[in-house]
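Below: coords-v7.txt (compact mmCIF, N, CA and C atoms)
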# COMPACT_ATOMS: atom_id res chain seq x y z
N MET A 1 -31.07 -11.32 -63.70
CA MET A 1 -31.52 -11.82 -64.99
C MET A 1 -30.30 -11.93 -65.91
N LYS A 2 -30.27 -12.93 -66.69
CA LYS A 2 -29.29 -13.07 -67.77
C LYS A 2 -30.05 -13.21 -69.06
N GLY A 3 -30.09 -12.13 -69.81
CA GLY A 3 -30.84 -12.16 -71.05
C GLY A 3 -32.33 -11.98 -70.82
N PHE A 4 -33.12 -12.41 -71.79
CA PHE A 4 -34.58 -12.29 -71.71
C PHE A 4 -35.19 -13.62 -72.09
N ALA A 5 -36.09 -14.13 -71.26
CA ALA A 5 -36.80 -15.38 -71.56
C ALA A 5 -38.22 -15.25 -71.03
N ASP A 6 -39.19 -15.26 -71.92
CA ASP A 6 -40.59 -15.17 -71.52
C ASP A 6 -41.46 -15.52 -72.72
N ASP A 7 -42.76 -15.60 -72.52
CA ASP A 7 -43.72 -15.90 -73.58
C ASP A 7 -44.01 -14.61 -74.36
N ILE A 8 -43.21 -14.35 -75.39
CA ILE A 8 -43.31 -13.09 -76.13
C ILE A 8 -44.66 -12.93 -76.82
N GLU A 9 -45.24 -14.03 -77.27
CA GLU A 9 -46.56 -13.95 -77.92
C GLU A 9 -47.61 -13.46 -76.92
N LYS A 10 -47.62 -14.05 -75.74
CA LYS A 10 -48.58 -13.66 -74.71
C LYS A 10 -48.36 -12.21 -74.28
N LEU A 11 -47.11 -11.83 -74.05
CA LEU A 11 -46.81 -10.46 -73.65
C LEU A 11 -47.28 -9.47 -74.71
N THR A 12 -47.06 -9.79 -75.98
CA THR A 12 -47.44 -8.91 -77.08
C THR A 12 -48.96 -8.81 -77.18
N GLU A 13 -49.64 -9.94 -77.10
CA GLU A 13 -51.10 -9.95 -77.23
C GLU A 13 -51.80 -9.20 -76.11
N HIS A 14 -51.17 -9.10 -74.94
CA HIS A 14 -51.78 -8.41 -73.80
C HIS A 14 -51.27 -6.98 -73.62
N ASN A 15 -50.35 -6.56 -74.44
CA ASN A 15 -49.80 -5.21 -74.32
C ASN A 15 -50.82 -4.15 -74.74
N GLU A 16 -50.98 -3.13 -73.92
CA GLU A 16 -51.88 -2.01 -74.23
C GLU A 16 -51.11 -0.72 -74.51
N ASN A 17 -49.80 -0.72 -74.30
CA ASN A 17 -48.99 0.48 -74.50
C ASN A 17 -48.61 0.66 -75.96
N PHE A 18 -48.55 1.91 -76.38
CA PHE A 18 -48.06 2.20 -77.73
C PHE A 18 -46.65 1.64 -77.88
N ARG A 19 -45.81 1.86 -76.88
CA ARG A 19 -44.43 1.34 -76.92
C ARG A 19 -43.98 0.98 -75.52
N GLN A 20 -43.36 -0.20 -75.39
CA GLN A 20 -42.79 -0.62 -74.11
C GLN A 20 -41.51 -1.40 -74.37
N VAL A 21 -40.40 -0.87 -73.91
CA VAL A 21 -39.11 -1.55 -74.05
C VAL A 21 -39.02 -2.65 -73.01
N LEU A 22 -38.87 -3.90 -73.46
CA LEU A 22 -38.77 -5.03 -72.55
C LEU A 22 -37.34 -5.37 -72.17
N TYR A 23 -36.44 -5.26 -73.12
CA TYR A 23 -35.05 -5.65 -72.85
C TYR A 23 -34.12 -4.90 -73.78
N THR A 24 -33.00 -4.45 -73.23
CA THR A 24 -32.00 -3.74 -74.01
C THR A 24 -30.63 -4.38 -73.78
N GLY A 25 -30.04 -4.86 -74.86
CA GLY A 25 -28.67 -5.36 -74.83
C GLY A 25 -27.77 -4.37 -75.54
N GLN A 26 -26.50 -4.68 -75.64
CA GLN A 26 -25.57 -3.80 -76.35
C GLN A 26 -25.89 -3.71 -77.84
N ASN A 27 -26.39 -4.81 -78.43
CA ASN A 27 -26.58 -4.87 -79.87
C ASN A 27 -28.02 -5.04 -80.33
N LEU A 28 -28.91 -5.42 -79.42
CA LEU A 28 -30.32 -5.63 -79.77
C LEU A 28 -31.23 -5.06 -78.69
N GLN A 29 -32.45 -4.68 -79.11
CA GLN A 29 -33.45 -4.20 -78.17
C GLN A 29 -34.81 -4.78 -78.54
N LEU A 30 -35.54 -5.28 -77.55
CA LEU A 30 -36.86 -5.87 -77.72
C LEU A 30 -37.93 -4.91 -77.22
N VAL A 31 -38.89 -4.58 -78.10
CA VAL A 31 -39.91 -3.57 -77.79
C VAL A 31 -41.29 -4.09 -78.20
N LEU A 32 -42.27 -3.96 -77.29
CA LEU A 32 -43.67 -4.25 -77.61
C LEU A 32 -44.34 -2.99 -78.12
N MET A 33 -45.30 -3.15 -79.03
CA MET A 33 -46.08 -2.01 -79.52
C MET A 33 -47.53 -2.42 -79.74
N ALA A 34 -48.42 -1.45 -79.56
CA ALA A 34 -49.85 -1.63 -79.87
C ALA A 34 -50.33 -0.37 -80.58
N LEU A 35 -50.79 -0.53 -81.81
CA LEU A 35 -51.33 0.58 -82.59
C LEU A 35 -52.85 0.43 -82.65
N GLN A 36 -53.54 1.49 -82.29
CA GLN A 36 -54.99 1.48 -82.33
C GLN A 36 -55.47 1.62 -83.78
N PRO A 37 -56.74 1.25 -84.08
CA PRO A 37 -57.24 1.37 -85.45
C PRO A 37 -56.98 2.76 -86.03
N GLY A 38 -56.40 2.79 -87.23
CA GLY A 38 -56.08 4.04 -87.90
C GLY A 38 -54.77 4.68 -87.46
N GLU A 39 -54.16 4.17 -86.41
CA GLU A 39 -52.93 4.74 -85.88
C GLU A 39 -51.71 4.22 -86.65
N GLU A 40 -50.64 5.00 -86.65
CA GLU A 40 -49.41 4.60 -87.31
C GLU A 40 -48.22 4.97 -86.45
N ILE A 41 -47.10 4.32 -86.70
CA ILE A 41 -45.88 4.67 -85.99
C ILE A 41 -45.40 6.04 -86.44
N GLY A 42 -45.55 6.31 -87.72
CA GLY A 42 -45.05 7.55 -88.30
C GLY A 42 -43.83 7.25 -89.14
N GLU A 43 -43.75 7.87 -90.30
CA GLU A 43 -42.65 7.59 -91.22
C GLU A 43 -41.32 7.96 -90.56
N GLU A 44 -40.37 7.04 -90.65
CA GLU A 44 -39.06 7.25 -90.05
C GLU A 44 -37.99 6.50 -90.81
N THR A 45 -36.75 6.86 -90.56
CA THR A 45 -35.60 6.20 -91.15
C THR A 45 -34.56 6.04 -90.06
N HIS A 46 -34.02 4.84 -89.93
CA HIS A 46 -32.92 4.58 -88.99
C HIS A 46 -31.69 4.29 -89.83
N GLY A 47 -30.83 5.27 -89.97
CA GLY A 47 -29.67 5.14 -90.85
C GLY A 47 -28.66 4.11 -90.43
N ASP A 48 -28.64 3.78 -89.13
CA ASP A 48 -27.60 2.89 -88.63
C ASP A 48 -28.12 1.63 -87.94
N ARG A 49 -29.39 1.30 -88.15
CA ARG A 49 -29.91 0.11 -87.48
C ARG A 49 -30.96 -0.60 -88.32
N ASP A 50 -30.92 -1.92 -88.26
CA ASP A 50 -31.94 -2.76 -88.88
C ASP A 50 -33.07 -2.93 -87.88
N GLN A 51 -34.27 -3.29 -88.39
CA GLN A 51 -35.41 -3.48 -87.51
C GLN A 51 -36.24 -4.66 -88.01
N PHE A 52 -36.63 -5.51 -87.06
CA PHE A 52 -37.49 -6.67 -87.33
C PHE A 52 -38.82 -6.43 -86.65
N PHE A 53 -39.93 -6.70 -87.34
CA PHE A 53 -41.28 -6.62 -86.78
C PHE A 53 -41.94 -8.00 -86.85
N ARG A 54 -42.61 -8.38 -85.77
CA ARG A 54 -43.43 -9.60 -85.74
C ARG A 54 -44.82 -9.18 -85.27
N PHE A 55 -45.84 -9.49 -86.08
CA PHE A 55 -47.23 -9.09 -85.80
C PHE A 55 -47.97 -10.25 -85.16
N GLU A 56 -48.66 -9.96 -84.04
CA GLU A 56 -49.39 -11.00 -83.30
C GLU A 56 -50.90 -10.88 -83.43
N THR A 57 -51.44 -9.67 -83.51
CA THR A 57 -52.89 -9.49 -83.68
C THR A 57 -53.14 -8.31 -84.61
N GLY A 58 -54.29 -8.34 -85.27
CA GLY A 58 -54.71 -7.22 -86.10
C GLY A 58 -54.26 -7.33 -87.54
N ALA A 59 -54.46 -6.23 -88.26
CA ALA A 59 -54.09 -6.15 -89.68
C ALA A 59 -53.58 -4.75 -89.96
N GLY A 60 -52.66 -4.67 -90.89
CA GLY A 60 -52.11 -3.36 -91.23
C GLY A 60 -51.24 -3.43 -92.45
N GLU A 61 -50.39 -2.43 -92.56
CA GLU A 61 -49.43 -2.42 -93.64
C GLU A 61 -48.12 -1.82 -93.16
N VAL A 62 -47.05 -2.29 -93.77
CA VAL A 62 -45.73 -1.74 -93.54
C VAL A 62 -45.25 -1.18 -94.86
N ARG A 63 -44.92 0.09 -94.86
CA ARG A 63 -44.41 0.75 -96.06
C ARG A 63 -42.89 0.86 -95.92
N ILE A 64 -42.19 0.35 -96.91
CA ILE A 64 -40.72 0.41 -96.92
C ILE A 64 -40.29 1.03 -98.23
N ASP A 65 -39.70 2.21 -98.16
CA ASP A 65 -39.26 2.93 -99.35
C ASP A 65 -40.33 2.95 -100.44
N GLY A 66 -41.57 3.24 -100.03
CA GLY A 66 -42.68 3.38 -100.98
C GLY A 66 -43.38 2.10 -101.35
N VAL A 67 -42.87 0.95 -100.93
CA VAL A 67 -43.51 -0.34 -101.22
C VAL A 67 -44.44 -0.70 -100.07
N VAL A 68 -45.70 -1.00 -100.39
CA VAL A 68 -46.69 -1.34 -99.37
C VAL A 68 -46.76 -2.86 -99.20
N ASN A 69 -46.58 -3.31 -97.97
CA ASN A 69 -46.66 -4.72 -97.61
C ASN A 69 -47.81 -4.91 -96.64
N LYS A 70 -48.84 -5.66 -97.02
CA LYS A 70 -49.95 -5.96 -96.12
C LYS A 70 -49.45 -6.93 -95.06
N VAL A 71 -49.86 -6.72 -93.79
CA VAL A 71 -49.45 -7.60 -92.70
C VAL A 71 -50.65 -7.99 -91.85
N LYS A 72 -50.51 -9.14 -91.21
CA LYS A 72 -51.54 -9.68 -90.32
C LYS A 72 -50.83 -10.52 -89.26
N ALA A 73 -51.60 -11.08 -88.34
CA ALA A 73 -51.04 -11.92 -87.29
C ALA A 73 -50.13 -13.00 -87.89
N ASP A 74 -49.02 -13.22 -87.25
CA ASP A 74 -48.01 -14.23 -87.61
C ASP A 74 -47.05 -13.79 -88.71
N ASP A 75 -47.20 -12.57 -89.24
CA ASP A 75 -46.27 -12.07 -90.26
C ASP A 75 -45.05 -11.44 -89.61
N GLY A 76 -43.95 -11.49 -90.33
CA GLY A 76 -42.72 -10.84 -89.91
C GLY A 76 -42.19 -9.98 -91.05
N VAL A 77 -41.54 -8.88 -90.70
CA VAL A 77 -41.00 -7.94 -91.68
C VAL A 77 -39.63 -7.47 -91.18
N ILE A 78 -38.68 -7.36 -92.08
CA ILE A 78 -37.39 -6.76 -91.75
C ILE A 78 -37.24 -5.47 -92.55
N VAL A 79 -36.89 -4.40 -91.86
CA VAL A 79 -36.62 -3.11 -92.49
C VAL A 79 -35.11 -2.88 -92.37
N PRO A 80 -34.40 -2.81 -93.51
CA PRO A 80 -32.96 -2.60 -93.44
C PRO A 80 -32.60 -1.16 -93.07
N ALA A 81 -31.44 -1.00 -92.48
CA ALA A 81 -30.95 0.33 -92.13
C ALA A 81 -31.01 1.24 -93.35
N GLY A 82 -31.45 2.46 -93.12
CA GLY A 82 -31.51 3.45 -94.18
C GLY A 82 -32.81 3.50 -94.95
N ALA A 83 -33.70 2.53 -94.75
CA ALA A 83 -34.97 2.51 -95.48
C ALA A 83 -36.01 3.38 -94.76
N LYS A 84 -36.72 4.19 -95.53
CA LYS A 84 -37.83 4.98 -94.99
C LYS A 84 -39.00 4.02 -94.79
N HIS A 85 -39.59 4.03 -93.60
CA HIS A 85 -40.65 3.05 -93.32
C HIS A 85 -41.71 3.62 -92.38
N ASN A 86 -42.85 2.92 -92.38
CA ASN A 86 -43.96 3.26 -91.51
C ASN A 86 -44.79 2.00 -91.31
N VAL A 87 -45.40 1.87 -90.14
CA VAL A 87 -46.34 0.79 -89.84
C VAL A 87 -47.68 1.45 -89.55
N ILE A 88 -48.73 0.97 -90.22
CA ILE A 88 -50.05 1.57 -90.11
C ILE A 88 -51.08 0.48 -89.79
N ASN A 89 -51.92 0.75 -88.80
CA ASN A 89 -53.02 -0.16 -88.49
C ASN A 89 -54.17 0.17 -89.42
N THR A 90 -54.49 -0.74 -90.34
CA THR A 90 -55.59 -0.54 -91.28
C THR A 90 -56.83 -1.33 -90.88
N GLY A 91 -56.76 -2.02 -89.74
CA GLY A 91 -57.86 -2.87 -89.30
C GLY A 91 -58.77 -2.19 -88.30
N SER A 92 -59.67 -2.99 -87.72
CA SER A 92 -60.65 -2.47 -86.77
C SER A 92 -60.35 -2.85 -85.33
N GLU A 93 -59.23 -3.51 -85.11
CA GLU A 93 -58.79 -3.88 -83.76
C GLU A 93 -57.33 -3.47 -83.61
N PRO A 94 -56.81 -3.45 -82.38
CA PRO A 94 -55.40 -3.07 -82.21
C PRO A 94 -54.45 -3.97 -83.01
N LEU A 95 -53.44 -3.36 -83.58
CA LEU A 95 -52.37 -4.07 -84.26
C LEU A 95 -51.26 -4.21 -83.23
N ARG A 96 -51.06 -5.45 -82.76
CA ARG A 96 -50.08 -5.69 -81.70
C ARG A 96 -48.87 -6.41 -82.30
N LEU A 97 -47.71 -5.91 -81.93
CA LEU A 97 -46.47 -6.43 -82.51
C LEU A 97 -45.33 -6.28 -81.53
N TYR A 98 -44.26 -6.98 -81.83
CA TYR A 98 -43.00 -6.66 -81.16
C TYR A 98 -41.98 -6.38 -82.24
N THR A 99 -41.00 -5.58 -81.86
CA THR A 99 -39.96 -5.21 -82.79
C THR A 99 -38.61 -5.38 -82.12
N ILE A 100 -37.64 -5.73 -82.92
CA ILE A 100 -36.26 -5.87 -82.44
C ILE A 100 -35.40 -4.91 -83.25
N TYR A 101 -34.75 -4.01 -82.54
CA TYR A 101 -33.82 -3.07 -83.15
C TYR A 101 -32.40 -3.60 -82.98
N GLY A 102 -31.58 -3.43 -83.99
CA GLY A 102 -30.18 -3.78 -83.86
C GLY A 102 -29.33 -2.72 -84.54
N PRO A 103 -28.65 -1.87 -83.79
CA PRO A 103 -28.55 -1.75 -82.33
C PRO A 103 -29.78 -1.07 -81.72
N PRO A 104 -29.82 -0.95 -80.38
CA PRO A 104 -30.97 -0.36 -79.70
C PRO A 104 -31.29 1.06 -80.17
N GLU A 105 -32.55 1.43 -80.02
CA GLU A 105 -33.06 2.74 -80.44
C GLU A 105 -33.52 3.59 -79.25
N HIS A 106 -34.15 2.97 -78.24
CA HIS A 106 -34.79 3.71 -77.16
C HIS A 106 -34.07 3.52 -75.83
N LEU A 107 -34.34 4.42 -74.89
CA LEU A 107 -33.82 4.26 -73.54
C LEU A 107 -34.38 2.98 -72.94
N ASP A 108 -33.56 2.25 -72.22
CA ASP A 108 -34.02 1.04 -71.56
C ASP A 108 -35.15 1.38 -70.60
N GLY A 109 -36.20 0.55 -70.60
CA GLY A 109 -37.33 0.75 -69.70
C GLY A 109 -38.38 1.74 -70.17
N THR A 110 -38.20 2.31 -71.36
CA THR A 110 -39.16 3.29 -71.88
C THR A 110 -40.55 2.69 -71.99
N ILE A 111 -41.54 3.45 -71.53
CA ILE A 111 -42.95 3.11 -71.75
C ILE A 111 -43.65 4.37 -72.23
N HIS A 112 -44.23 4.29 -73.42
CA HIS A 112 -45.09 5.35 -73.94
C HIS A 112 -46.49 4.75 -74.00
N ARG A 113 -47.36 5.22 -73.15
CA ARG A 113 -48.71 4.65 -73.10
C ARG A 113 -49.49 4.92 -74.37
N THR A 114 -49.25 6.07 -74.99
CA THR A 114 -49.96 6.46 -76.21
C THR A 114 -48.97 6.98 -77.24
N LYS A 115 -49.45 7.10 -78.48
CA LYS A 115 -48.61 7.69 -79.53
C LYS A 115 -48.30 9.14 -79.21
N ALA A 116 -49.26 9.85 -78.62
CA ALA A 116 -49.02 11.25 -78.24
C ALA A 116 -47.86 11.34 -77.24
N ASP A 117 -47.81 10.40 -76.29
CA ASP A 117 -46.68 10.37 -75.35
C ASP A 117 -45.37 10.17 -76.11
N ALA A 118 -45.38 9.26 -77.06
CA ALA A 118 -44.17 8.98 -77.85
C ALA A 118 -43.76 10.19 -78.67
N ASP A 119 -44.73 10.89 -79.25
CA ASP A 119 -44.44 12.04 -80.10
C ASP A 119 -43.82 13.20 -79.32
N THR A 120 -44.13 13.31 -78.05
CA THR A 120 -43.56 14.40 -77.24
C THR A 120 -42.24 14.02 -76.59
N SER A 121 -41.89 12.75 -76.67
CA SER A 121 -40.63 12.27 -76.09
C SER A 121 -39.52 12.32 -77.14
N HIS A 122 -38.37 12.73 -76.73
CA HIS A 122 -37.25 12.79 -77.65
C HIS A 122 -36.09 11.94 -77.15
N GLU A 123 -36.43 10.87 -76.44
CA GLU A 123 -35.40 10.00 -75.88
C GLU A 123 -34.79 9.11 -76.95
N HIS A 124 -33.53 8.76 -76.76
CA HIS A 124 -32.83 7.81 -77.61
C HIS A 124 -31.87 7.00 -76.75
N PHE A 125 -31.53 5.83 -77.20
CA PHE A 125 -30.63 4.94 -76.46
C PHE A 125 -29.38 5.68 -76.03
N ASP A 126 -29.06 5.52 -74.75
CA ASP A 126 -27.92 6.24 -74.15
C ASP A 126 -26.77 5.32 -73.77
N GLY A 127 -26.83 4.06 -74.20
CA GLY A 127 -25.77 3.12 -73.88
C GLY A 127 -26.05 2.25 -72.65
N GLN A 128 -27.10 2.59 -71.88
CA GLN A 128 -27.44 1.83 -70.69
C GLN A 128 -28.29 0.61 -71.08
N THR A 129 -27.84 -0.57 -70.68
CA THR A 129 -28.55 -1.81 -71.00
C THR A 129 -29.37 -2.28 -69.81
N THR A 130 -30.19 -3.28 -70.03
CA THR A 130 -31.04 -3.82 -68.97
C THR A 130 -30.22 -4.40 -67.83
N GLU A 131 -29.10 -5.04 -68.16
CA GLU A 131 -28.27 -5.63 -67.10
C GLU A 131 -26.81 -5.36 -67.34
Will you turn the file into structure tokens for me?
Amino acid sequence: MKGFADDIEKLTEHNENFRQVLYTGQNLQLVLMALQPGEEIGEETHGDRDQFFRFETGAGEVRIDGVVNKVKADDGVIVPAGAKHNVINTGSEPLRLYTIYGPPEHLDGTIHRTKADADTSHEHFDGQTTE
């Protein structure tokens, strides 16, 4: 493989995992996520990386440094490095999205089937890329 090329909308809409790393490069990482109704990523801050979110299904909100942004399918959000943020599913169906970290955040190939799995994992990018 050279890079990543696939139908990201279809992959995102069919994803059932809380988190699934699809591709890791030296400077960017592509991750699918699915938040169940009422579920959230959890408040976090990435001091050294920007993050882009694209929402494909559902409804929710993204909180960035105390500012609440309502989101729905087809919305995109950028969280700058150093901003405290959280993504919350406020709807009645799964909130499905993909996110791009720059630089990578997670170990390549990571799959957390549930938020509980993610909460017990303490993995972080170790420099190993997809190719």
Within region 13-119 of chain A, find each residue whose DSSP state, derived from the backbone, is alpha helix (DSSP H), and express the selection as JSON, numbers by chain. {"A": [13, 14, 115, 116, 117, 118, 119]}
Please report as CSV every residue of region 32-67 of chain A lying within 8 Å of region 110-123 of chain A, along with the nearest atom pair and their distance in Å (one decimal), using only N, CA and C atoms.
residue,atom,partner,partner_atom,distance
A:Ala34,C,A:Lys115,N,7.8
A:Leu35,CA,A:Lys115,N,7.9
A:Gln36,N,A:Lys115,N,7.9
A:Glu40,C,A:Lys115,CA,7.4
A:Ile41,CA,A:Lys115,CA,7.6
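The residue set within 7 Å of Phe52 (chain A), counting all atoms listed in the file and dropping same-chain residues fewer than 5 places from it, reads Gly76, Val77, Ile78, Val79, Tyr98, Thr99, Ile100, Tyr101 and Gly102 of chain A.
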Distance in Å - CA of Arg63 (chain A) versus CA of Leu11 (chain A): 25.2 Å
Here's a test: counting all atoms listed in the file, identify every protein, DNA and RNA residue with an atom at most 6 Å from (-29.1, 2.1, -90.7) in the file's coordinate frame, and state them as a PyMOL selection string. chain A and resi 46-50+80-82
Atom pair atom N of Val62 (chain A) / CA of Glu9 (chain A): separation (Å):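 We find that atom N of Val62 (chain A) and CA of Glu9 (chain A) lie 19.7 Å from each other.
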Enclose all atoms of region 61-69 of chain A listed in the file in an axis-aligned box, grow every side by 4 Å, and hand back centre and edge lengths in Å to one decimal, as lines of an AutoDock Vina configuration file.
center_x = -44.8
center_y = -0.8
center_z = -97.0
size_x = 19.1
size_y = 16.3
size_z = 16.8
Among the residues A:Asn69, A:Ser92, A:Gln128, A:Thr12, the one that comes closest to Pro37 (chain A) [using only N, CA and C atoms]: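 Residue with the minimum atom-to-atom distance to Pro37 (chain A): A:Ser92.
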